[in-house]
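**Student:** Below you will find the structure I want to go over with you.
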Amino acid sequence: MKIICSKRDLLYGVNIVSKAVPSRTTMAILDCILINVSKNEIKLTANDMELGIETIIEGNIEEPGVIALDAKIFSDIVRKLPDNDIIITTDTSFKTVITCEKAKFNIIGKSGEDFSYLPYIEKNQPIILSQFSLKEVIRQTIFSIADNNNNNKLMTGELFEVNENQLKVVSLDGHRISIRNIELKESYEHHKVIVPGKTLQEVSKILPGDANEFVHMFFTENHIVFEFGNTTVVSRLIEGEYFKIEQMLSSDYETKIKINKRELLDCIDRATLLVKEGEKKPIIMNITDETMELKISSFVGSMKEEIDIQKNGKDILIGFNPKFFIDALRVIEEEEIILYMVNPKAPCFIKDDEETFIYLILPVNFNAATNG
């Protein structure tokens, strides 16, 4: 095999596929990036058996071939070479020579035949949305999935449900729920899958996010495929029946508050200056006719601030984990938001009239927390 390509193109491709190289594995071949060179394209692939990414890069092909190279060593070499053309040659014993200007590296690769190629996925009708929309919908929900140590695997992924021309994306971790509803340009048949959070985080990192460019999504029984530009991402789905969130989304409320989002976010953000990481100190909201008073107390000190609001319904005194509020407020674009509350033990809803977004946050028992 012999190829010549610019450092920029090669590094771009390596950075994309590296997202699917496992951090720990007992299979040495999975630590590799596969370079598969045919007569008309240079394809890079990485695969950890749950998530696989391949991308096609520009370059001159002088001799086709296949080689698997250790991902860390290869990416480190490419990153530190001069900004010029890079030549990669291999022989039948997998000796690989990488040269650029006066730098020359000799490394030993592995046979491409041992590599775990991406599974063949039969692609039927693609669901099409803009790169920008997908990147945004991930950003606006991904923070409320549970981490991978959670016993309930369903919580480590997000629900992607397509109903005619609507895409609903849902994440939850037992303390909060994030929901985004997007209108698609066309109608599709019903699909309902659970996509691993890790997949979505990596897709979000490599997705350019151009509003005028598109992502094609394909669903199968066990996999989801994202295609954009010259890149294909294939991921296993999480098996199981997702939570029946409709039962948790009550439209009843006793208190409705209209408030400036930026003021509320800044105020809670300031309050957390007094809370050390790992400390569970709630932000307490005392809501009366035209004012929301926010208070927080910790071992460092205490803080109190008032914000003007418009309120319908009852006064309420309620406490929340400040991080959960900050996470939701940071991804809402609206200047003014509406909070719906029932009582100090029931969830707070932040949503717009069209319900393009819904954020549900469970309150905390602040009496016990404050005294503790």
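Labels for the structure tokens follow display order: chains A, B, ..., residues from 1 in each chain, ligands from 1.
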Distance table requested - region 327-364 of chain A against region 128-144 of chain A, cut-off 8 Å, only C-alpha atoms: one row per qualifying residue with the closest atom pair and its distance in Å to one decimal, ordered by chain and rising residue number, as a tab-separated table.
**Tutor:**
```
residue	atom	partner	partner_atom	distance
A:Asp327	CA	A:Phe143	CA	6.9
A:Ala328	CA	A:Gln140	CA	7.7
A:Val331	CA	A:Gln140	CA	5.3
A:Ile332	CA	A:Gln140	CA	7.6
```
**Student:** DSSP on the backbone, then: every residue of region 76-278 of chain A marked alpha helix (DSSP H), written as a PyMOL selection string.
**Tutor:** chain A and resi 76-80+131-139+197-206+261-271
**Student:** Restricting the calculation to only C-alpha atoms, which member of A:Asp83, A:Glu306, A:Asp70, A:Asp48 is positioned closest to Arg8 (chain A)?
**Tutor:** A:Asp83
**Student:** For Lys153 (chain A), which residue out of A:Glu227, A:Glu241, A:Gly209, A:Glu202 is the nearest one, using only C-alpha atoms?
**Tutor:** A:Glu241
**Student:** Show me, as a PyMOL selection string, the residues that have an atom within 9 Å of Leu184 (chain A) when counting only C-alpha atoms, minus same-chain residues fewer than 3 positions from it.
**Tutor:** chain A and resi 127-129+164-167+187-188
**Student:** Find the residue from A:Ile57, A:Ile177, A:Ile182, A:Leu207 that sits nearest to Ala146 (chain A); use only C-alpha atoms when measuring.
**Tutor:**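 Ranking A:Ile57, A:Ile177, A:Ile182, A:Leu207 by distance to Ala146 (chain A), first place goes to A:Ile177.
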**Student:** List the neighbours of region 269-282 of chain A out to 12 Å using only C-alpha atoms; skip same-chain residues closer than 5 positions along the sequence, and give me the result as an mmCIF file with N, CA and C atoms, in the first residue's frame.
**Tutor:**
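Generated output (out.cif):
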```cif
data_model
loop_
_atom_site.group_PDB
_atom_site.id
_atom_site.type_symbol
_atom_site.label_atom_id
_atom_site.label_comp_id
_atom_site.auth_asym_id
_atom_site.auth_seq_id
_atom_site.Cartn_x
_atom_site.Cartn_y
_atom_site.Cartn_z
ATOM 1 N N ARG A 262 -32.169 34.504 31.737
ATOM 2 C CA ARG A 262 -30.787 34.883 32.029
ATOM 3 C C ARG A 262 -30.621 35.304 33.488
ATOM 4 N N GLU A 263 -31.601 36.050 34.001
ATOM 5 C CA GLU A 263 -31.520 36.465 35.419
ATOM 6 C C GLU A 263 -31.529 35.262 36.343
ATOM 7 N N LEU A 264 -32.430 34.306 36.065
ATOM 8 C CA LEU A 264 -32.532 33.127 36.917
ATOM 9 C C LEU A 264 -31.252 32.297 36.832
ATOM 10 N N GLU A 293 -37.626 34.772 45.671
ATOM 11 C CA GLU A 293 -36.428 34.924 46.495
ATOM 12 C C GLU A 293 -35.665 33.607 46.457
ATOM 13 N N LEU A 294 -34.388 33.701 46.100
ATOM 14 C CA LEU A 294 -33.555 32.495 46.056
ATOM 15 C C LEU A 294 -32.548 32.539 47.193
ATOM 16 N N LYS A 295 -32.417 31.407 47.891
ATOM 17 C CA LYS A 295 -31.498 31.331 49.025
ATOM 18 C C LYS A 295 -30.690 30.050 48.934
ATOM 19 N N ILE A 296 -29.439 30.144 49.380
ATOM 20 C CA ILE A 296 -28.631 28.927 49.522
ATOM 21 C C ILE A 296 -27.739 29.109 50.736
ATOM 22 N N SER A 297 -27.562 28.018 51.489
ATOM 23 C CA SER A 297 -26.679 28.044 52.659
ATOM 24 C C SER A 297 -25.739 26.858 52.579
ATOM 25 N N SER A 298 -24.485 27.098 52.935
ATOM 26 C CA SER A 298 -23.515 26.002 52.952
ATOM 27 C C SER A 298 -22.547 26.263 54.100
ATOM 28 N N PHE A 299 -21.543 25.397 54.223
ATOM 29 C CA PHE A 299 -20.553 25.578 55.282
ATOM 30 C C PHE A 299 -19.703 26.818 55.035
ATOM 31 N N VAL A 300 -19.669 27.272 53.770
ATOM 32 C CA VAL A 300 -18.862 28.448 53.426
ATOM 33 C C VAL A 300 -19.582 29.738 53.803
ATOM 34 N N GLY A 301 -20.902 29.752 53.612
ATOM 35 C CA GLY A 301 -21.673 30.963 53.889
ATOM 36 C C GLY A 301 -23.076 30.831 53.328
ATOM 37 N N SER A 302 -23.737 31.968 53.153
ATOM 38 C CA SER A 302 -25.101 31.935 52.611
ATOM 39 C C SER A 302 -25.278 33.085 51.626
ATOM 40 N N MET A 303 -26.299 32.958 50.790
ATOM 41 C CA MET A 303 -26.564 33.963 49.773
ATOM 42 C C MET A 303 -28.067 34.068 49.574
ATOM 43 N N LYS A 304 -28.522 35.301 49.334
ATOM 44 C CA LYS A 304 -29.946 35.538 49.106
ATOM 45 C C LYS A 304 -30.080 36.562 47.995
ATOM 46 N N GLU A 305 -31.034 36.331 47.083
ATOM 47 C CA GLU A 305 -31.232 37.267 45.981
ATOM 48 C C GLU A 305 -32.699 37.216 45.561
ATOM 49 N N GLU A 306 -33.186 38.349 45.055
ATOM 50 C CA GLU A 306 -34.582 38.400 44.595
ATOM 51 C C GLU A 306 -34.641 38.682 43.106
ATOM 52 N N ILE A 318 -40.012 26.014 47.699
ATOM 53 C CA ILE A 318 -39.586 24.745 47.108
ATOM 54 C C ILE A 318 -38.076 24.752 46.904
ATOM 55 N N GLY A 319 -37.445 23.584 47.010
ATOM 56 C CA GLY A 319 -35.983 23.491 46.864
ATOM 57 C C GLY A 319 -35.571 22.554 45.744
ATOM 58 N N PHE A 320 -34.433 22.880 45.109
ATOM 59 C CA PHE A 320 -33.942 22.065 43.989
ATOM 60 C C PHE A 320 -32.427 21.914 44.066
ATOM 61 N N ASN A 321 -31.940 20.864 43.419
ATOM 62 C CA ASN A 321 -30.513 20.750 43.169
ATOM 63 C C ASN A 321 -30.151 21.850 42.161
ATOM 64 N N PRO A 322 -29.273 22.799 42.531
ATOM 65 C CA PRO A 322 -29.017 23.927 41.624
ATOM 66 C C PRO A 322 -28.421 23.502 40.281
ATOM 67 N N LYS A 323 -27.612 22.431 40.277
ATOM 68 C CA LYS A 323 -26.982 21.979 39.026
ATOM 69 C C LYS A 323 -28.035 21.575 37.999
ATOM 70 N N PHE A 324 -29.108 20.923 38.462
ATOM 71 C CA PHE A 324 -30.136 20.465 37.526
ATOM 72 C C PHE A 324 -30.828 21.652 36.847
ATOM 73 N N PHE A 325 -31.050 22.709 37.615
ATOM 74 C CA PHE A 325 -31.654 23.914 37.026
ATOM 75 C C PHE A 325 -30.690 24.570 36.037
ATOM 76 N N ILE A 326 -29.412 24.676 36.438
ATOM 77 C CA ILE A 326 -28.415 25.313 35.563
ATOM 78 C C ILE A 326 -28.302 24.559 34.246
ATOM 79 N N ASP A 327 -28.239 23.219 34.314
ATOM 80 C CA ASP A 327 -28.106 22.414 33.090
ATOM 81 C C ASP A 327 -29.240 22.694 32.114
ATOM 82 N N LEU A 329 -31.405 25.384 32.084
ATOM 83 C CA LEU A 329 -31.484 26.785 31.654
ATOM 84 C C LEU A 329 -30.429 27.121 30.605
ATOM 85 N N ARG A 330 -29.259 26.479 30.704
ATOM 86 C CA ARG A 330 -28.172 26.783 29.759
ATOM 87 C C ARG A 330 -28.513 26.413 28.326
ATOM 88 N N LEU A 362 -37.130 17.212 39.580
ATOM 89 C CA LEU A 362 -37.720 16.839 40.872
ATOM 90 C C LEU A 362 -37.158 17.748 41.965
ATOM 91 N N PRO A 363 -38.011 18.148 42.923
ATOM 92 C CA PRO A 363 -37.516 18.981 44.032
ATOM 93 C C PRO A 363 -36.781 18.125 45.059
ATOM 94 N N VAL A 364 -36.108 18.787 45.984
ATOM 95 C CA VAL A 364 -35.456 18.072 47.088
ATOM 96 C C VAL A 364 -36.090 18.520 48.396
ATOM 97 N N ASN A 365 -35.997 17.643 49.384
ATOM 98 C CA ASN A 365 -36.523 17.945 50.718
ATOM 99 C C ASN A 365 -35.514 18.860 51.420
ATOM 100 N N PHE A 366 -35.704 20.172 51.259
ATOM 101 C CA PHE A 366 -34.659 21.111 51.723
ATOM 102 C C PHE A 366 -34.591 21.263 53.221
ATOM 103 N N ASN A 367 -35.686 20.932 53.928
ATOM 104 C CA ASN A 367 -35.619 21.023 55.391
ATOM 105 C C ASN A 367 -34.564 20.071 55.923
ATOM 106 N N ALA A 368 -34.649 18.826 55.483
ATOM 107 C CA ALA A 368 -33.696 17.820 55.918
ATOM 108 C C ALA A 368 -32.293 18.161 55.417
ATOM 109 N N ALA A 369 -32.225 18.617 54.171
ATOM 110 C CA ALA A 369 -30.920 18.914 53.579
ATOM 111 C C ALA A 369 -30.258 20.115 54.266
ATOM 112 N N THR A 370 -31.077 21.133 54.572
ATOM 113 C CA THR A 370 -30.518 22.336 55.184
ATOM 114 C C THR A 370 -30.008 22.032 56.586
ATOM 115 N N ASN A 371 -30.795 21.250 57.325
ATOM 116 C CA ASN A 371 -30.396 20.952 58.690
ATOM 117 C C ASN A 371 -29.222 19.988 58.719
ATOM 118 N N GLY A 372 -29.065 19.217 57.608
ATOM 119 C CA GLY A 372 -27.979 18.246 57.587
ATOM 120 C C GLY A 372 -26.704 18.885 57.139
#
```
**Student:** Between A:Glu158, A:Glu183, A:Asp91, A:Glu101, single out the one closest to Glu239 (chain A), counting only C-alpha atoms.
**Tutor:** A:Glu158
**Student:** Would you mind listing, for every residue of region 71-122 of chain A within 9 Å of region 22-29 of chain A, the two atoms forming the shortest contact and the distance between them in Å to one decimal, using only C-alpha atoms, sorted by chain and ascending residue number, as CSV?
**Tutor:**
```
residue,atom,partner,partner_atom,distance
A:Lys110,CA,A:Ile29,CA,7.6
A:Ser111,CA,A:Ile29,CA,8.9
A:Gly112,CA,A:Ile29,CA,8.9
A:Asp114,CA,A:Ile29,CA,7.0
A:Phe115,CA,A:Ile29,CA,6.0
A:Ser116,CA,A:Ile29,CA,7.9
```
**Student:** Can you write out the residues you just picked, keeping all heavy atoms, as a PDB file, in the first residue's frame?
**Tutor:**
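Ended up saving to selection.pdb:
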```
ATOM      1  N   LYS A 110      -0.753  -4.340  11.769  1.00  0.00           N
ATOM      2  CA  LYS A 110      -1.378  -5.661  11.874  1.00  0.00           C
ATOM      3  C   LYS A 110      -2.182  -5.917  10.608  1.00  0.00           C
ATOM      4  O   LYS A 110      -2.566  -4.994   9.895  1.00  0.00           O
ATOM      5  CB  LYS A 110      -2.308  -5.718  13.095  1.00  0.00           C
ATOM      6  CG  LYS A 110      -1.604  -5.638  14.442  1.00  0.00           C
ATOM      7  CD  LYS A 110      -2.612  -5.844  15.573  1.00  0.00           C
ATOM      8  CE  LYS A 110      -1.924  -5.956  16.924  1.00  0.00           C
ATOM      9  NZ  LYS A 110      -1.348  -4.695  17.371  1.00  0.00           N
ATOM     10  N   SER A 111      -2.476  -7.178  10.400  1.00  0.00           N
ATOM     11  CA  SER A 111      -3.256  -7.550   9.222  1.00  0.00           C
ATOM     12  C   SER A 111      -4.659  -6.964   9.293  1.00  0.00           C
ATOM     13  O   SER A 111      -5.331  -7.082  10.314  1.00  0.00           O
ATOM     14  CB  SER A 111      -3.346  -9.074   9.118  1.00  0.00           C
ATOM     15  OG  SER A 111      -4.321  -9.434   8.159  1.00  0.00           O
ATOM     16  N   GLY A 112      -5.090  -6.354   8.207  1.00  0.00           N
ATOM     17  CA  GLY A 112      -6.444  -5.812   8.157  1.00  0.00           C
ATOM     18  C   GLY A 112      -7.504  -6.901   8.190  1.00  0.00           C
ATOM     19  O   GLY A 112      -8.652  -6.646   8.555  1.00  0.00           O
ATOM     20  N   ASP A 114      -7.815  -9.252  10.249  1.00  0.00           N
ATOM     21  CA  ASP A 114      -8.244  -9.548  11.625  1.00  0.00           C
ATOM     22  C   ASP A 114      -9.155  -8.462  12.192  1.00  0.00           C
ATOM     23  O   ASP A 114      -9.699  -8.609  13.287  1.00  0.00           O
ATOM     24  CB  ASP A 114      -7.009  -9.678  12.542  1.00  0.00           C
ATOM     25  CG  ASP A 114      -6.081 -10.777  12.073  1.00  0.00           C
ATOM     26  OD1 ASP A 114      -6.592 -11.738  11.453  1.00  0.00           O
ATOM     27  OD2 ASP A 114      -4.865 -10.670  12.303  1.00  0.00           O
ATOM     28  N   PHE A 115      -9.287  -7.360  11.456  1.00  0.00           N
ATOM     29  CA  PHE A 115     -10.040  -6.214  11.987  1.00  0.00           C
ATOM     30  C   PHE A 115     -11.540  -6.496  11.983  1.00  0.00           C
ATOM     31  O   PHE A 115     -12.060  -7.179  11.094  1.00  0.00           O
ATOM     32  CB  PHE A 115      -9.747  -4.970  11.140  1.00  0.00           C
ATOM     33  CG  PHE A 115     -10.218  -3.691  11.758  1.00  0.00           C
ATOM     34  CD1 PHE A 115      -9.461  -3.053  12.727  1.00  0.00           C
ATOM     35  CD2 PHE A 115     -11.428  -3.118  11.390  1.00  0.00           C
ATOM     36  CE1 PHE A 115      -9.884  -1.877  13.300  1.00  0.00           C
ATOM     37  CE2 PHE A 115     -11.867  -1.939  11.963  1.00  0.00           C
ATOM     38  CZ  PHE A 115     -11.096  -1.312  12.924  1.00  0.00           C
ATOM     39  N   SER A 116     -12.227  -5.968  12.991  1.00  0.00           N
ATOM     40  CA  SER A 116     -13.689  -6.116  13.055  1.00  0.00           C
ATOM     41  C   SER A 116     -14.327  -4.992  12.245  1.00  0.00           C
ATOM     42  O   SER A 116     -14.451  -3.867  12.720  1.00  0.00           O
ATOM     43  CB  SER A 116     -14.165  -6.035  14.508  1.00  0.00           C
ATOM     44  OG  SER A 116     -13.631  -7.098  15.242  1.00  0.00           O
TER      45      SER A 116
END
```
**Student:** Quick one, how far is CA of Pro347 (chain A) from CA of Leu249 (chain A)?
**Tutor:**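 Result for CA of Pro347 (chain A) versus CA of Leu249 (chain A): 9.3 Å, one decimal.
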**Student:** Taking only C-alpha atoms into account, name the residue in A:Ile284, A:Ile206, A:Leu81, A:Ile268 that is nearest to Lys7 (chain A).
**Tutor:** A:Leu81
**Student:** Tell me which of A:Ser6, A:Ser250, A:Asn151, A:Asn212 sits closest to Ala346 (chain A), counting only C-alpha atoms.
**Tutor:**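 Checking each candidate against Ala346 (chain A), we get A:Ser250 as the closest.
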**Student:** Need to verify the contact set: region 94-98 of chain A, 8 Å, only C-alpha atoms, exclusion of same-chain residues closer than 4 positions in sequence. Can you return it as an mmCIF file with all heavy atoms, in the first residue's frame?
**Tutor:**
```cif
data_model
loop_
_atom_site.group_PDB
_atom_site.id
_atom_site.type_symbol
_atom_site.label_atom_id
_atom_site.label_comp_id
_atom_site.auth_asym_id
_atom_site.auth_seq_id
_atom_site.Cartn_x
_atom_site.Cartn_y
_atom_site.Cartn_z
ATOM 1 N N ILE A 67 -4.188 -1.967 6.049
ATOM 2 C CA ILE A 67 -3.308 -2.101 7.220
ATOM 3 C C ILE A 67 -4.049 -1.613 8.457
ATOM 4 O O ILE A 67 -4.847 -0.684 8.377
ATOM 5 C CB ILE A 67 -1.983 -1.309 7.020
ATOM 6 C CG1 ILE A 67 -0.950 -1.631 8.104
ATOM 7 C CG2 ILE A 67 -2.245 0.186 6.981
ATOM 8 C CD1 ILE A 67 -0.198 -2.897 7.879
ATOM 9 N N ILE A 86 1.974 13.770 3.757
ATOM 10 C CA ILE A 86 2.448 12.585 4.480
ATOM 11 C C ILE A 86 2.358 11.397 3.532
ATOM 12 O O ILE A 86 1.346 11.197 2.855
ATOM 13 C CB ILE A 86 1.604 12.333 5.742
ATOM 14 C CG1 ILE A 86 1.794 13.488 6.746
ATOM 15 C CG2 ILE A 86 1.954 10.999 6.392
ATOM 16 C CD1 ILE A 86 0.877 13.431 7.951
ATOM 17 N N ILE A 87 3.435 10.606 3.488
ATOM 18 C CA ILE A 87 3.455 9.397 2.651
ATOM 19 C C ILE A 87 3.429 8.184 3.574
ATOM 20 O O ILE A 87 4.234 8.095 4.518
ATOM 21 C CB ILE A 87 4.722 9.357 1.768
ATOM 22 C CG1 ILE A 87 4.802 10.622 0.903
ATOM 23 C CG2 ILE A 87 4.735 8.102 0.890
ATOM 24 C CD1 ILE A 87 6.160 10.834 0.251
ATOM 25 N N ILE A 88 2.502 7.271 3.320
ATOM 26 C CA ILE A 88 2.420 6.032 4.102
ATOM 27 C C ILE A 88 2.598 4.863 3.145
ATOM 28 O O ILE A 88 1.864 4.732 2.164
ATOM 29 C CB ILE A 88 1.066 5.914 4.828
ATOM 30 C CG1 ILE A 88 0.838 7.119 5.754
ATOM 31 C CG2 ILE A 88 0.991 4.614 5.637
ATOM 32 C CD1 ILE A 88 -0.530 7.153 6.401
ATOM 33 N N THR A 89 3.583 4.021 3.444
ATOM 34 C CA THR A 89 3.788 2.813 2.635
ATOM 35 C C THR A 89 3.840 1.604 3.563
ATOM 36 O O THR A 89 4.313 1.693 4.703
ATOM 37 C CB THR A 89 5.099 2.879 1.814
ATOM 38 O OG1 THR A 89 6.189 3.086 2.720
ATOM 39 C CG2 THR A 89 5.066 3.992 0.809
ATOM 40 N N THR A 90 3.331 0.474 3.066
ATOM 41 C CA THR A 90 3.381 -0.774 3.845
ATOM 42 C C THR A 90 3.863 -1.889 2.928
ATOM 43 O O THR A 90 3.742 -1.799 1.702
ATOM 44 C CB THR A 90 1.993 -1.150 4.401
ATOM 45 O OG1 THR A 90 1.113 -1.421 3.303
ATOM 46 C CG2 THR A 90 1.391 -0.038 5.234
ATOM 47 N N LYS A 104 10.876 10.498 9.432
ATOM 48 C CA LYS A 104 10.555 9.152 8.943
ATOM 49 C C LYS A 104 10.333 8.221 10.131
ATOM 50 O O LYS A 104 11.209 8.091 10.987
ATOM 51 C CB LYS A 104 11.708 8.647 8.079
ATOM 52 C CG LYS A 104 11.472 7.283 7.465
ATOM 53 C CD LYS A 104 12.647 6.926 6.561
ATOM 54 C CE LYS A 104 12.442 5.594 5.877
ATOM 55 N NZ LYS A 104 13.586 5.250 5.003
ATOM 56 N N PHE A 105 9.143 7.629 10.170
ATOM 57 C CA PHE A 105 8.808 6.672 11.238
ATOM 58 C C PHE A 105 8.641 5.275 10.631
ATOM 59 O O PHE A 105 8.007 5.117 9.584
ATOM 60 C CB PHE A 105 7.483 7.052 11.921
ATOM 61 C CG PHE A 105 7.584 8.212 12.862
ATOM 62 C CD1 PHE A 105 7.413 9.516 12.410
ATOM 63 C CD2 PHE A 105 7.846 8.012 14.211
ATOM 64 C CE1 PHE A 105 7.499 10.596 13.278
ATOM 65 C CE2 PHE A 105 7.924 9.086 15.089
ATOM 66 C CZ PHE A 105 7.758 10.381 14.625
ATOM 67 N N ASN A 106 9.190 4.278 11.319
ATOM 68 C CA ASN A 106 8.954 2.874 10.966
ATOM 69 C C ASN A 106 8.173 2.224 12.103
ATOM 70 O O ASN A 106 8.643 2.214 13.249
ATOM 71 C CB ASN A 106 10.280 2.126 10.792
ATOM 72 C CG ASN A 106 10.999 2.538 9.517
ATOM 73 O OD1 ASN A 106 10.660 2.085 8.445
ATOM 74 N ND2 ASN A 106 11.975 3.439 9.658
ATOM 75 N N ILE A 107 6.992 1.716 11.810
ATOM 76 C CA ILE A 107 6.203 1.007 12.831
ATOM 77 C C ILE A 107 5.664 -0.290 12.220
ATOM 78 O O ILE A 107 5.615 -0.437 10.999
ATOM 79 C CB ILE A 107 5.044 1.865 13.400
ATOM 80 C CG1 ILE A 107 4.077 2.305 12.289
ATOM 81 C CG2 ILE A 107 5.551 3.074 14.165
ATOM 82 C CD1 ILE A 107 2.837 3.036 12.809
ATOM 83 N N ILE A 108 5.269 -1.199 13.092
ATOM 84 C CA ILE A 108 4.710 -2.470 12.623
ATOM 85 C C ILE A 108 3.193 -2.432 12.783
ATOM 86 O O ILE A 108 2.680 -2.144 13.866
ATOM 87 C CB ILE A 108 5.278 -3.658 13.438
ATOM 88 C CG1 ILE A 108 6.786 -3.742 13.270
ATOM 89 C CG2 ILE A 108 4.617 -4.974 12.997
ATOM 90 C CD1 ILE A 108 7.239 -4.108 11.868
ATOM 91 N N GLY A 109 2.503 -2.700 11.699
ATOM 92 C CA GLY A 109 1.045 -2.753 11.744
ATOM 93 C C GLY A 109 0.546 -4.172 11.936
ATOM 94 O O GLY A 109 1.306 -5.092 12.246
ATOM 95 N N LYS A 110 -0.753 -4.340 11.769
ATOM 96 C CA LYS A 110 -1.378 -5.661 11.874
ATOM 97 C C LYS A 110 -2.182 -5.917 10.608
ATOM 98 O O LYS A 110 -2.566 -4.994 9.895
ATOM 99 C CB LYS A 110 -2.308 -5.718 13.095
ATOM 100 C CG LYS A 110 -1.604 -5.638 14.442
ATOM 101 C CD LYS A 110 -2.612 -5.844 15.573
ATOM 102 C CE LYS A 110 -1.924 -5.956 16.924
ATOM 103 N NZ LYS A 110 -1.348 -4.695 17.371
ATOM 104 N N SER A 111 -2.476 -7.178 10.400
ATOM 105 C CA SER A 111 -3.256 -7.550 9.222
ATOM 106 C C SER A 111 -4.659 -6.964 9.293
ATOM 107 O O SER A 111 -5.331 -7.082 10.314
ATOM 108 C CB SER A 111 -3.346 -9.074 9.118
ATOM 109 O OG SER A 111 -4.321 -9.434 8.159
#
```
**Student:** By how many Å are CA of Gly229 (chain A) and CA of Ala20 (chain A) apart?
**Tutor:**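 One can read the CA of Gly229 (chain A) to CA of Ala20 (chain A) distance as 17.6 Å.
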**Student:** I want to know what sits within 10 Å of Val203 (chain A), based on only C-alpha atoms, with residues of the same chain fewer than 4 positions away left out; could you give that as a PyMOL selection string?
**Tutor:** chain A and resi 16+19+53+134-135+138+197-199+207-208+226+232-233
**Student:** Quick one: pull the distance between CA of Met248 (chain A) and CA of Asn312 (chain A), Å, one decimal.
**Tutor:**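 Straight-line distance from CA of Met248 (chain A) to CA of Asn312 (chain A) works out to 22.5 Å.
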**Student:** Quick one: DSSP strand (DSSP E or B) residues in region 244-364 of chain A, as a ChimeraX atom specification?
**Tutor:** /A:255-260,283-287,291-297,302-308,310-313,316-320,336-341,348-351,357-361,364
**Student:** With only C-alpha atoms as the counted atoms, please give the residues lying no more than 6 Å from Ile33 (chain A), apart from itself and same-chain residues fewer than 2 positions off, as a PyMOL selection string.
**Tutor:** chain A and resi 45-46+68-69+71
